[in-house]
file coords.txt (compact mmCIF, C-alpha atoms)
# COMPACT_ATOMS: atom_id res chain seq x y z
CA MET T 3 -5.29 72.94 3.32
CA ILE T 4 -7.66 70.04 3.49
CA ASN T 5 -7.84 68.63 6.97
CA LYS T 6 -10.51 66.03 7.65
CA ILE T 7 -9.01 65.07 10.98
CA VAL T 8 -11.24 66.27 13.77
CA PRO T 9 -9.84 66.57 17.28
CA SER T 10 -12.54 64.77 19.22
CA LEU T 11 -15.21 62.11 18.96
CA GLU T 12 -17.74 64.64 20.28
CA GLN T 13 -17.05 67.02 17.41
CA ALA T 14 -17.10 64.19 14.89
CA VAL T 15 -20.74 63.33 15.67
CA ALA T 16 -22.01 66.72 16.90
CA ASP T 17 -24.29 67.49 13.93
CA ILE T 18 -26.09 64.13 13.66
CA ALA T 19 -29.77 65.06 13.78
CA ASP T 20 -32.76 63.17 15.15
CA GLY T 21 -34.24 60.87 12.52
CA SER T 22 -30.99 60.38 10.58
CA THR T 23 -30.23 57.19 8.67
CA ILE T 24 -26.84 55.90 9.79
CA LEU T 25 -24.75 53.10 8.32
CA ILE T 26 -22.74 51.55 11.13
CA GLY T 27 -19.80 49.39 10.13
CA GLY T 28 -18.75 46.16 11.71
CA PHE T 29 -19.60 42.49 11.67
CA GLY T 30 -20.15 41.50 15.26
CA GLY T 31 -17.37 43.29 17.11
CA ALA T 32 -14.86 43.36 14.24
CA GLY T 33 -14.94 46.81 12.67
CA MET T 34 -17.60 48.09 15.06
CA PRO T 35 -16.91 51.83 15.58
CA SER T 36 -17.56 51.65 19.31
CA ALA T 37 -15.90 54.98 20.13
CA LEU T 38 -18.10 56.85 17.64
CA ILE T 39 -21.18 55.01 18.87
CA GLY T 40 -20.26 55.99 22.42
CA ALA T 41 -20.05 59.62 21.31
CA LEU T 42 -23.41 59.30 19.57
CA ILE T 43 -24.97 57.97 22.75
CA ALA T 44 -23.57 60.96 24.65
CA GLN T 45 -24.80 63.29 21.88
CA GLY T 46 -28.28 61.86 22.20
CA ALA T 47 -29.76 61.92 18.65
CA ARG T 48 -32.96 59.86 18.59
CA GLY T 49 -35.32 58.24 16.14
CA LEU T 50 -32.40 56.85 14.16
CA THR T 51 -32.53 54.30 11.37
CA VAL T 52 -29.46 52.12 11.73
CA VAL T 53 -28.02 49.84 9.09
CA ASN T 54 -25.63 47.14 10.28
CA ASN T 55 -25.21 43.44 9.63
CA ASN T 56 -26.42 42.67 13.13
CA ALA T 57 -28.55 44.35 15.75
CA GLY T 58 -26.01 44.64 18.51
CA ASN T 59 -24.07 42.14 20.58
CA GLY T 60 -23.71 42.18 24.35
CA ASP T 61 -23.98 45.57 26.01
CA THR T 62 -21.59 47.73 24.02
CA GLY T 63 -21.53 49.46 20.63
CA LEU T 64 -24.77 49.16 18.68
CA ALA T 65 -26.39 47.21 21.51
CA ALA T 66 -25.78 50.17 23.82
CA LEU T 67 -27.28 52.58 21.26
CA ILE T 68 -30.42 50.41 21.13
CA ALA T 69 -30.47 50.17 24.94
CA ALA T 70 -30.35 53.99 25.05
CA LYS T 71 -33.58 53.99 22.98
CA GLN T 72 -32.09 56.12 20.22
CA VAL T 73 -32.94 53.68 17.43
CA ARG T 74 -36.33 53.60 15.69
CA LYS T 75 -35.52 51.12 12.95
CA VAL T 76 -32.85 48.52 12.25
CA ILE T 77 -32.01 47.32 8.74
CA CYS T 78 -29.88 44.18 9.07
CA SER T 79 -29.41 40.56 8.05
CA PHE T 80 -28.90 38.80 11.34
CA PRO T 81 -30.52 40.39 14.39
CA ARG T 82 -31.07 37.33 16.54
CA GLN T 83 -28.02 36.08 18.37
CA ALA T 84 -27.22 34.61 21.73
CA ASP T 85 -26.24 38.04 23.03
CA SER T 86 -28.65 40.34 21.16
CA HIS T 87 -30.80 40.86 24.26
CA HIS T 88 -31.17 44.64 23.93
CA PHE T 89 -32.51 44.31 20.40
CA ASP T 90 -34.73 41.34 21.30
CA LYS T 91 -36.29 43.25 24.17
CA ALA T 92 -36.95 46.44 22.19
CA TYR T 93 -38.27 44.47 19.20
CA ARG T 94 -40.65 42.38 21.29
CA ALA T 95 -41.84 45.54 23.05
CA GLY T 96 -42.69 47.01 19.65
CA GLU T 97 -40.28 49.92 20.14
CA LEU T 98 -38.24 49.04 17.09
CA GLU T 99 -38.96 48.33 13.46
CA LEU T 100 -36.93 45.61 11.72
CA GLU T 101 -36.18 45.36 8.01
CA LEU T 102 -34.56 41.99 7.43
CA VAL T 103 -32.34 41.82 4.35
CA PRO T 104 -30.18 38.91 3.13
CA GLN T 105 -26.56 39.75 3.86
CA GLY T 106 -25.38 39.92 0.26
CA THR T 107 -28.37 42.02 -0.73
CA LEU T 108 -27.67 44.33 2.20
CA ALA T 109 -24.06 44.76 1.05
CA GLU T 110 -25.05 45.27 -2.59
CA ARG T 111 -27.79 47.79 -1.71
CA ILE T 112 -25.17 49.81 0.17
CA ARG T 113 -22.65 49.44 -2.65
CA ALA T 114 -25.29 50.47 -5.20
CA ALA T 115 -26.03 53.64 -3.24
CA GLY T 116 -22.37 54.60 -3.32
CA ALA T 117 -21.96 53.73 -6.98
CA GLY T 118 -24.96 55.59 -8.33
CA ILE T 119 -26.98 52.51 -9.27
CA GLY T 120 -30.74 53.10 -9.32
CA ALA T 121 -31.72 49.51 -8.51
CA PHE T 122 -30.52 46.02 -9.40
CA PHE T 123 -31.80 42.50 -9.99
CA THR T 124 -30.41 39.80 -7.71
CA PRO T 125 -31.20 36.07 -7.66
CA THR T 126 -30.98 36.04 -3.86
CA ALA T 127 -34.27 35.48 -2.03
CA TYR T 128 -36.27 34.76 -5.18
CA GLY T 129 -39.30 32.68 -4.22
CA THR T 130 -38.89 33.36 -0.50
CA GLN T 131 -40.79 35.46 2.05
CA LEU T 132 -38.12 38.15 1.84
CA ALA T 133 -39.01 38.81 -1.80
CA GLU T 134 -42.76 39.08 -1.23
CA GLY T 135 -44.23 42.16 -2.84
CA LYS T 136 -41.07 42.91 -4.80
CA GLU T 137 -40.77 43.20 -8.54
CA THR T 138 -39.22 40.11 -10.17
CA ARG T 139 -37.91 39.36 -13.60
CA ARG T 140 -36.73 36.31 -15.50
CA ILE T 141 -33.49 37.09 -17.31
CA GLU T 142 -32.34 34.28 -19.59
CA ASP T 143 -32.82 31.17 -17.46
CA ARG T 144 -32.81 32.71 -14.02
CA ASP T 145 -35.27 34.55 -11.78
CA TYR T 146 -34.32 37.78 -10.05
CA VAL T 147 -35.68 40.19 -7.46
CA LEU T 148 -35.45 43.97 -7.86
CA GLU T 149 -33.64 45.65 -4.98
CA HIS T 150 -33.04 49.33 -4.29
CA PRO T 151 -30.02 51.15 -2.85
CA ILE T 152 -29.73 52.18 0.78
CA HIS T 153 -28.67 55.81 0.94
CA ALA T 154 -27.71 57.28 4.28
CA ASP T 155 -27.05 60.58 5.97
CA TYR T 156 -24.04 59.29 7.89
CA ALA T 157 -21.71 56.33 7.97
CA LEU T 158 -19.81 55.55 11.15
CA ILE T 159 -16.96 53.19 10.43
CA LYS T 160 -13.79 51.91 12.05
CA ALA T 161 -10.56 51.82 10.10
CA ASP T 162 -6.96 51.15 11.04
CA ARG T 163 -5.02 54.10 9.67
CA GLY T 164 -6.24 57.38 8.21
CA ASP T 165 -4.68 60.60 6.94
CA ARG T 166 -5.93 64.19 6.72
CA TRP T 167 -7.30 63.62 3.22
CA GLY T 168 -9.42 60.76 4.52
CA ASN T 169 -7.55 57.84 2.96
CA LEU T 170 -8.13 54.70 5.01
CA THR T 171 -6.72 51.24 5.55
CA TYR T 172 -8.38 48.48 7.53
CA ARG T 173 -7.25 45.59 9.64
CA MET T 174 -8.14 42.01 8.60
CA THR T 175 -11.85 41.14 8.84
CA ALA T 176 -12.58 44.51 10.47
CA ARG T 177 -12.80 45.78 6.87
CA ASN T 178 -16.19 44.10 6.19
CA PHE T 179 -18.79 46.83 5.47
CA GLY T 180 -16.43 49.80 5.95
CA PRO T 181 -15.46 50.55 2.34
CA ILE T 182 -18.98 50.26 0.91
CA MET T 183 -20.58 52.18 3.76
CA ALA T 184 -18.01 54.95 3.33
CA SER T 185 -19.20 55.40 -0.25
CA ALA T 186 -22.93 55.35 0.47
CA ALA T 187 -23.39 58.15 3.02
CA LYS T 188 -23.50 61.91 2.62
CA CYS T 189 -21.13 62.21 5.56
CA THR T 190 -18.73 59.40 6.44
CA ILE T 191 -16.99 59.55 9.77
CA ALA T 192 -14.11 57.14 10.40
CA GLN T 193 -12.58 56.36 13.75
CA VAL T 194 -9.01 55.18 13.20
CA ARG T 195 -6.45 53.53 15.42
CA GLU T 196 -3.80 55.84 14.10
CA THR T 197 -3.75 59.10 12.15
CA VAL T 198 -0.76 59.39 9.83
CA GLU T 199 0.86 62.00 7.59
CA LEU T 200 -0.05 62.23 3.91
CA GLY T 201 2.04 59.74 1.96
CA GLU T 202 2.58 57.42 4.89
CA ILE T 203 -0.06 55.08 3.54
CA ASP T 204 1.32 53.37 0.44
CA PRO T 205 -1.08 54.51 -2.31
CA GLU T 206 -1.21 50.94 -3.59
CA LEU T 207 -2.64 49.92 -0.24
CA VAL T 208 -5.30 52.59 0.24
CA VAL T 209 -8.57 50.69 0.58
CA THR T 210 -10.96 53.61 0.96
CA PRO T 211 -9.82 56.68 -0.99
CA GLY T 212 -10.39 59.93 0.87
CA ILE T 213 -13.06 61.17 -1.55
CA TYR T 214 -15.57 59.04 0.39
CA VAL T 215 -14.60 60.29 3.83
CA LYS T 216 -15.55 63.60 5.51
CA ARG T 217 -14.12 63.20 9.00
CA VAL T 218 -11.35 61.16 10.58
CA VAL T 219 -10.89 60.85 14.30
CA GLY T 220 -8.03 59.05 15.97
CA THR T 221 -8.81 56.86 18.95
CA GLY T 222 -5.32 55.60 19.68
CA ALA T 223 -6.78 52.20 20.51
CA THR T 224 -8.18 49.26 18.60
CA THR T 225 -11.62 49.52 20.20
CA MET M 18 -27.86 0.12 12.13
CA LYS M 19 -25.38 2.67 13.43
CA LYS M 20 -26.18 6.34 12.99
CA MET M 21 -23.22 8.49 12.07
CA ASP M 22 -22.23 11.11 14.63
CA ARG M 23 -21.58 14.72 13.74
CA ASN M 24 -17.92 14.18 13.09
CA GLN M 25 -18.57 11.15 10.91
CA ILE M 26 -21.00 13.15 8.78
CA ALA M 27 -18.45 15.97 8.56
CA ALA M 28 -15.76 13.50 7.50
CA ARG M 29 -18.11 12.09 4.85
CA VAL M 30 -18.69 15.62 3.45
CA ALA M 31 -14.95 16.33 3.51
CA ARG M 32 -14.34 13.24 1.34
CA ASP M 33 -16.27 14.94 -1.47
CA ILE M 34 -14.37 18.22 -1.38
CA PRO M 35 -11.46 18.00 -3.78
CA GLU M 36 -8.09 19.71 -3.91
CA GLY M 37 -8.35 23.28 -5.15
CA ALA M 38 -11.99 23.80 -4.16
CA TYR M 39 -13.29 27.14 -2.88
CA VAL M 40 -15.72 26.34 -0.09
CA ASN M 41 -17.99 28.16 2.32
CA LEU M 42 -18.94 26.26 5.46
CA GLY M 43 -22.13 27.47 7.13
CA ILE M 44 -22.37 28.31 10.81
CA GLY M 45 -22.80 25.38 13.21
CA LEU M 46 -22.54 21.74 12.11
CA PRO M 47 -20.88 22.47 8.73
CA THR M 48 -17.88 24.17 10.35
CA LEU M 49 -16.83 20.67 11.54
CA VAL M 50 -16.03 19.76 7.93
CA ALA M 51 -12.85 21.85 8.11
CA ASN M 52 -11.42 19.48 10.73
CA HIS M 53 -11.72 16.52 8.37
CA ILE M 54 -10.07 17.82 5.23
CA PRO M 55 -6.93 15.68 4.91
CA LYS M 56 -3.61 17.37 5.55
CA GLY M 57 -1.94 18.28 2.29
CA ARG M 58 -5.21 18.73 0.38
CA GLU M 59 -5.38 22.44 -0.45
CA VAL M 60 -8.94 23.66 0.01
CA LEU M 61 -9.66 27.37 0.34
CA LEU M 62 -12.30 28.26 2.89
CA HIS M 63 -14.32 31.41 2.31
CA SER M 64 -16.07 33.32 5.04
CA GLU M 65 -18.87 35.81 4.34
CA ASN M 66 -17.20 38.55 6.35
CA GLY M 67 -14.46 38.94 3.78
CA VAL M 68 -11.85 36.18 4.01
CA LEU M 69 -10.43 33.56 1.68
CA GLY M 70 -8.00 31.10 3.17
CA VAL M 71 -9.50 30.71 6.64
CA GLY M 72 -7.16 28.65 8.80
CA PRO M 73 -7.69 26.67 11.99
CA LYS M 74 -8.72 28.00 15.37
CA PRO M 75 -5.96 30.08 16.99
CA ALA M 76 -4.11 28.76 20.02
CA ALA M 77 -5.53 30.05 23.31
CA GLY M 78 -4.22 33.53 24.00
CA THR M 79 -3.42 34.33 20.37
CA GLU M 80 -6.97 35.25 19.28
CA ASP M 81 -7.36 38.56 17.44
CA GLU M 82 -10.73 40.30 17.63
CA ASP M 83 -10.25 41.58 14.07
CA LEU M 84 -9.82 38.08 12.66
CA ILE M 85 -13.08 36.18 12.91
CA ASN M 86 -15.31 33.99 10.76
CA ALA M 87 -18.98 34.39 9.87
CA GLY M 88 -19.88 32.66 13.13
CA LYS M 89 -17.91 35.41 14.87
CA GLU M 90 -15.42 32.88 16.22
CA PRO M 91 -11.70 33.69 16.22
CA VAL M 92 -9.85 32.08 13.31
CA THR M 93 -6.43 32.28 11.69
CA LEU M 94 -5.44 33.09 8.13
CA LEU M 95 -3.42 30.71 5.96
CA ALA M 96 -0.38 32.00 4.09
CA GLY M 97 -1.83 33.15 0.77
CA GLY M 98 -5.11 34.17 2.35
CA SER M 99 -6.79 37.48 1.58
CA PHE M 100 -9.26 40.02 2.94
CA PHE M 101 -11.92 41.94 1.00
CA HIS M 102 -15.03 43.95 1.73
CA HIS M 103 -18.54 42.61 2.10
CA ALA M 104 -19.84 43.49 -1.36
CA ASP M 105 -16.89 41.67 -2.94
CA SER M 106 -17.41 38.75 -0.60
CA PHE M 107 -21.04 38.34 -1.69
CA GLY M 108 -20.13 39.05 -5.29
CA MET M 109 -17.96 35.94 -5.05
CA ILE M 110 -20.90 33.99 -3.66
CA ARG M 111 -23.63 35.27 -5.98
CA GLY M 112 -21.31 35.34 -8.99
CA ARG M 113 -20.92 31.55 -8.84
CA HIS M 114 -17.25 31.56 -7.89
CA LEU M 115 -17.55 29.22 -4.92
CA ASP M 116 -17.41 25.54 -5.80
CA PHE M 117 -19.24 24.35 -2.71
CA CYS M 118 -21.18 25.59 0.25
CA VAL M 119 -22.23 23.36 3.10
CA LEU M 120 -25.31 24.47 5.00
CA GLY M 121 -27.43 23.18 7.85
CA ALA M 122 -31.16 22.74 7.32
CA PHE M 123 -34.52 22.33 9.01
CA GLN M 124 -35.98 20.73 5.89
CA VAL M 125 -35.03 19.87 2.33
CA ALA M 126 -37.75 19.12 -0.23
CA VAL M 127 -37.61 16.59 -3.07
CA ASN M 128 -37.42 19.49 -5.55
CA GLY M 129 -34.30 20.84 -3.84
CA ASP M 130 -36.00 23.61 -1.87
CA LEU M 131 -34.06 24.47 1.28
CA ALA M 132 -35.53 25.72 4.56
CA ASN M 133 -32.94 26.75 7.13
CA TRP M 134 -33.53 30.37 8.21
CA HIS M 135 -36.86 30.64 9.95
CA THR M 136 -39.22 28.27 11.72
CA GLY M 137 -42.10 30.57 10.86
CA ALA M 138 -43.15 30.64 14.51
CA PRO M 139 -45.03 33.91 15.10
CA ASP M 140 -42.93 34.93 18.12
CA ALA M 141 -39.59 34.06 16.50
CA ILE M 142 -37.25 36.89 15.54
CA PRO M 143 -36.15 35.96 12.03
CA ALA M 144 -32.49 36.13 11.00
CA VAL M 145 -31.21 35.21 7.57
CA GLY M 146 -27.55 36.23 7.34
CA GLY M 147 -25.88 34.98 4.18
CA ALA M 148 -27.91 31.78 3.78
CA MET M 149 -30.08 32.99 0.89
CA ASP M 150 -27.04 34.25 -1.03
CA LEU M 151 -25.15 30.98 -0.55
CA ALA M 152 -28.20 28.96 -1.55
CA VAL M 153 -28.45 30.63 -4.97
CA GLY M 154 -24.77 31.33 -5.47
CA ALA M 155 -22.55 28.31 -4.82
CA LYS M 156 -22.02 25.91 -7.72
CA ASN M 157 -22.82 22.99 -5.42
CA VAL M 158 -25.07 23.36 -2.40
CA PHE M 159 -24.54 20.58 0.14
CA VAL M 160 -26.76 20.20 3.17
CA MET M 161 -25.62 18.54 6.35
CA MET M 162 -28.34 17.61 8.83
CA GLU M 163 -29.83 14.87 10.96
CA HIS M 164 -32.13 12.70 8.91
CA LEU M 165 -34.98 12.88 11.40
CA THR M 166 -36.33 15.52 13.75
CA LYS M 167 -36.28 14.83 17.48
CA SER M 168 -39.81 13.49 17.17
CA GLY M 169 -38.78 11.13 14.38
CA GLU M 170 -40.12 12.94 11.33
CA SER M 171 -38.09 13.01 8.15
CA LYS M 172 -36.39 16.30 7.35
CA LEU M 173 -36.50 15.28 3.71
CA VAL M 174 -40.00 16.26 2.75
CA GLU M 175 -42.35 16.45 -0.21
CA ARG M 176 -42.68 20.20 0.33
CA CYS M 177 -41.07 22.44 2.96
CA SER M 178 -43.50 23.53 5.66
CA TYR M 179 -41.03 26.10 6.94
CA PRO M 180 -40.35 29.26 4.90
CA ILE M 181 -37.77 28.49 2.25
CA THR M 182 -34.26 29.91 1.96
CA GLY M 183 -33.84 29.06 -1.69
CA ALA M 184 -35.89 27.33 -4.37
CA GLY M 185 -34.56 24.14 -5.96
CA CYS M 186 -31.02 24.88 -4.82
CA VAL M 187 -29.83 21.78 -2.93
CA ASN M 188 -27.64 19.30 -4.81
CA ARG M 189 -26.76 16.78 -2.12
CA VAL M 190 -27.79 15.99 1.43
CA TYR M 191 -25.57 14.35 4.05
CA THR M 192 -27.38 12.94 7.05
CA ASP M 193 -26.59 10.61 9.92
CA LEU M 194 -28.19 7.86 7.86
CA ALA M 195 -27.33 8.44 4.23
CA VAL M 196 -25.97 10.58 1.43
CA ILE M 197 -28.65 11.53 -1.07
CA ASP M 198 -28.41 13.37 -4.38
CA ILE M 199 -31.28 15.60 -5.39
CA LYS M 200 -31.85 15.32 -9.11
CA ALA M 201 -34.59 16.23 -11.54
CA ASP M 202 -35.94 12.66 -11.48
CA GLY M 203 -35.86 12.31 -7.70
CA LEU M 204 -33.74 11.48 -4.67
CA HIS M 205 -30.86 9.14 -5.41
CA VAL M 206 -29.30 7.30 -2.50
CA VAL M 207 -25.52 7.55 -2.87
CA ASP M 208 -24.64 5.61 0.25
CA MET M 209 -26.02 4.55 3.60
CA THR M 210 -24.63 4.14 7.08
CA GLU M 211 -23.38 0.73 8.08
CA GLY M 212 -26.07 -1.84 8.69
CA LEU M 213 -28.89 0.23 7.23
CA GLU M 214 -30.99 -1.43 4.54
CA PHE M 215 -32.55 0.55 1.73
CA GLU M 216 -36.07 -0.51 2.76
CA GLU M 217 -35.53 0.81 6.29
CA LEU M 218 -34.14 4.12 4.96
CA GLN M 219 -37.13 4.39 2.65
CA ARG M 220 -39.52 3.73 5.54
CA LEU M 221 -37.89 6.41 7.73
CA THR M 222 -37.67 8.98 4.94
CA GLY M 223 -41.23 8.87 3.71
CA VAL M 224 -40.64 10.52 0.35
CA PRO M 225 -39.66 8.18 -2.50
CA LEU M 226 -35.97 7.28 -2.80
CA ILE M 227 -34.20 5.84 -5.80
CA ARG M 228 -32.03 2.85 -5.01
CA ARG M 229 -28.54 2.77 -6.32
CA GLU M 230 -25.70 0.30 -6.08
CA ALA M 231 -24.80 1.23 -2.52
CA ILE M 232 -21.25 2.20 -1.67
CA ARG M 233 -20.96 1.84 2.08
CA ALA M 234 -19.74 4.87 4.02

call {"tool": "encode", "arguments": {"input": "coords.txt", "output": "structure tokens"}}
result
Amino acid sequence: MINKIVPSLEQAVADIADGSTILIGGFGGAGMPSALIGALIAQGARGLTVVNNNAGNGDTGLAALIAAKQVRKVICSFPRQADSHHFDKAYRAGELELELVPQGTLAERIRAAGAGIGAFFTPTAYGTQLAEGKETRRIEDRDYVLEHPIHADYALIKADRGDRWGNLTYRMTARNFGPIMASAAKCTIAQVRETVELGEIDPELVVTPGIYVKRVVGTGATT
Amino acid sequence: MKKMDRNQIAARVARDIPEGAYVNLGIGLPTLVANHIPKGREVLLHSENGVLGVGPKPAAGTEDEDLINAGKEPVTLLAGGSFFHHADSFGMIRGRHLDFCVLGAFQVAVNGDLANWHTGAPDAIPAVGGAMDLAVGAKNVFVMMEHLTKSGESKLVERCSYPITGAGCVNRVYTDLAVIDIKADGLHVVDMTEGLEFEELQRLTGVPLIRREAIRA
């Protein structure tokens, strides 16, 4: 019997090694897998490369992981915010490397990794600082920049409901990067508000099919 | 001459957004445009984080942390709205499905270059978000900004001194002084704020403007 449901957050993240690349879902707080991040902080893996839209807000979730000095590099589109003080401090102290990527390019690089695409040409950022040093090409009447996929060892995401085969649904804008991150990592771990029996999720409404998901852990809460 | 305030500029932008349009409003000043779309005109607002059909701010106490806009503010969803993941959301943007985006700016150049993501200051932490995708993706890129910097310099420039967000992407600029179209042959003044003469606008702007039969705002 396939059973991807793991009994605890600790077990869900136990094998994450130092130096791993981890996709972390969420846009601001919506979809942020705070319970899994909390378990990762307790687990203590260091030297991590983290991919998220932001670089942490306030003192919880990704911000707490940065504050715990477990992150070596952040790949994101929008690090600087009113409440990104943990990132700002670590970045200014030179403790953290930043790779800044336009948001759509970030999403497409993750999607490409999950979909087996070797690289792709995008018009975004052509002629800007963020395309410096990158291969470009004119296709018909438009200029494009070559971008490469972001593969990862783990994805930590937050979903709404999940079953033992790993099928997931999301809640409103908490979906954001979840489905594409689930497809792009060798091991995707989903924290879900509720674990349900097989068949309880209407197959028409499955957003992330279980093939992309290795572990599901119920949190019983929306955080 | 009476400068337009933020809400007057937003109302002026809203006038140009027709029924049925799919629109992305950038963070900050452009979000005000939503408040000025006339009741009964169906306009679908897109937000980068995977929403079409963004509705007004929720009543106090009814906010849902899972329902936010790209500015991470709580929003509501209109009946008929939808959610989708981030790659789809930016596919919509990049794939030219949005009719309009409205962005803020530090500078706009006469060739339509937009600078709105980075001051280039060495100690600044850069952040780009979805600005570069919107700049190349929307069918019409509108910019909403003050005409002059705090020190009185024109934000419409011959060439952007700040790092650009997109090359030649801006179609129209709405400022507290005027509405200006950016075309291949130059900057066309569409209309000016009450009491402002073309010569004065030209003097303040610095770069050459093309006069047009003015329609007063």

call {"tool": "atom_distance", "arguments": {"input": "coords.txt", "atom1": "CA of Ser171 (chain M)", "atom2": "CA of Gln124 (chain M)"}}
result
8.3 Å

call {"tool": "atom_distance", "arguments": {"input": "coords.txt", "atom1": "CA of Gly88 (chain M)", "atom2": "CA of Ser64 (chain M)"}}
result
9.0 Å

call {"tool": "residues_around", "arguments": {"input": "coords.txt", "residues": "Lys91 (chain T)", "least_positions_apart": "6", "cutoff": "10 Å", "atoms": "all atoms listed in the file", "output": "PyMOL selection string"}}
result
chain T and resi 68-69+97-98

call {"tool": "closest_residue", "arguments": {"input": "coords.txt", "among": "M:Leu42, M:Asp33, M:Gly67, M:Glu216", "to": "Gly180 (chain T)", "atoms": "all atoms listed in the file"}}
result
M:Gly67

call {"tool": "interface_residues", "arguments": {"input": "coords.txt", "of": "chain M", "to": "chain T", "cutoff": "7 Å", "atoms": "all atoms listed in the file", "output": "ChimeraX atom specification"}}
result
/M:66-68,82-85,89,100,102-104,107,142-147,149-150,153,180-184

call {"tool": "closest_residue", "arguments": {"input": "coords.txt", "among": "T:Leu38, T:Arg144, T:Leu11, T:Gln45", "to": "Gly154 (chain M)", "atoms": "all atoms listed in the file"}}
result
T:Arg144

call {"tool": "atom_distance", "arguments": {"input": "coords.txt", "atom1": "CA of Asp81 (chain M)", "atom2": "CA of Val53 (chain T)"}}
result
25.0 Å

call {"tool": "residues_around", "arguments": {"input": "coords.txt", "residues": "Leu94 (chain M)", "least_positions_apart": "4", "cutoff": "7 Å", "atoms": "all atoms listed in the file", "output": "list in words"}}
result
Gly70, Val71, Gly72 and Gly98 of chain M

call {"tool": "write_last_selection", "arguments": {"input": "coords.txt", "atoms": "C-alpha atoms", "output": "CSV table (one decimal), in the frame of the given file"}}
result
chain,number,residue,atom,x,y,z
M,70,GLY,CA,-8.0,31.1,3.2
M,71,VAL,CA,-9.5,30.7,6.6
M,72,GLY,CA,-7.2,28.6,8.8
M,98,GLY,CA,-5.1,34.2,2.4

call {"tool": "closest_residue", "arguments": {"input": "coords.txt", "among": "M:His205, M:Leu221, M:Pro91, M:Gly121", "to": "Ser168 (chain M)", "atoms": "all atoms listed in the file"}}
result
M:Leu221

call {"tool": "closest_residue", "arguments": {"input": "coords.txt", "among": "M:Leu151, M:Leu173, M:Leu46, M:Val160", "to": "Met109 (chain M)", "atoms": "all atoms listed in the file"}}
result
M:Leu151

call {"tool": "axis_aligned_box", "arguments": {"input": "coords.txt", "around": "region 35-44 of chain M", "padding_each_side": "8 Å", "output": "lines of an AutoDock Vina configuration file"}}
result
center_x = -15.2
center_y = 23.2
center_z = 2.8
size_x = 30.3
size_y = 26.3
size_z = 32.0

call {"tool": "closest_residue", "arguments": {"input": "coords.txt", "among": "M:Val119, M:Ala27, M:Val224, M:Leu95", "to": "Ile44 (chain M)", "atoms": "all atoms listed in the file"}}
result
M:Val119

call {"tool": "closest_residue", "arguments": {"input": "coords.txt", "among": "T:Asp145, T:Glu199, T:Asp155, T:Glu206", "to": "Ser22 (chain T)", "atoms": "all atoms listed in the file"}}
result
T:Asp155

call {"tool": "residues_around", "arguments": {"input": "coords.txt", "residues": "Thr48 (chain M)", "least_positions_apart": "2", "cutoff": "12 Å", "atoms": "all atoms listed in the file", "output": "ChimeraX atom specification"}}
result
/M:23-24,26-28,30-31,40-46,50-54,62-64,71-74,86-88,90,92,118-121,161

call {"tool": "residues_around", "arguments": {"input": "coords.txt", "residues": "Ala154 (chain T)", "least_positions_apart": "2", "cutoff": "9 Å", "atoms": "all atoms listed in the file", "output": "NGL selection string"}}
result
:T and (22-25 or 53 or 112 or 115 or 152 or 156-157 or 183 or 186-189)

call {"tool": "residues_around", "arguments": {"input": "coords.txt", "residues": "Tyr39 (chain M)", "least_positions_apart": "4", "cutoff": "10 Å", "atoms": "all atoms listed in the file", "output": "VMD selection string"}}
result
chain M and resid 34 to 35 59 to 63 69 to 70 114 to 118 155
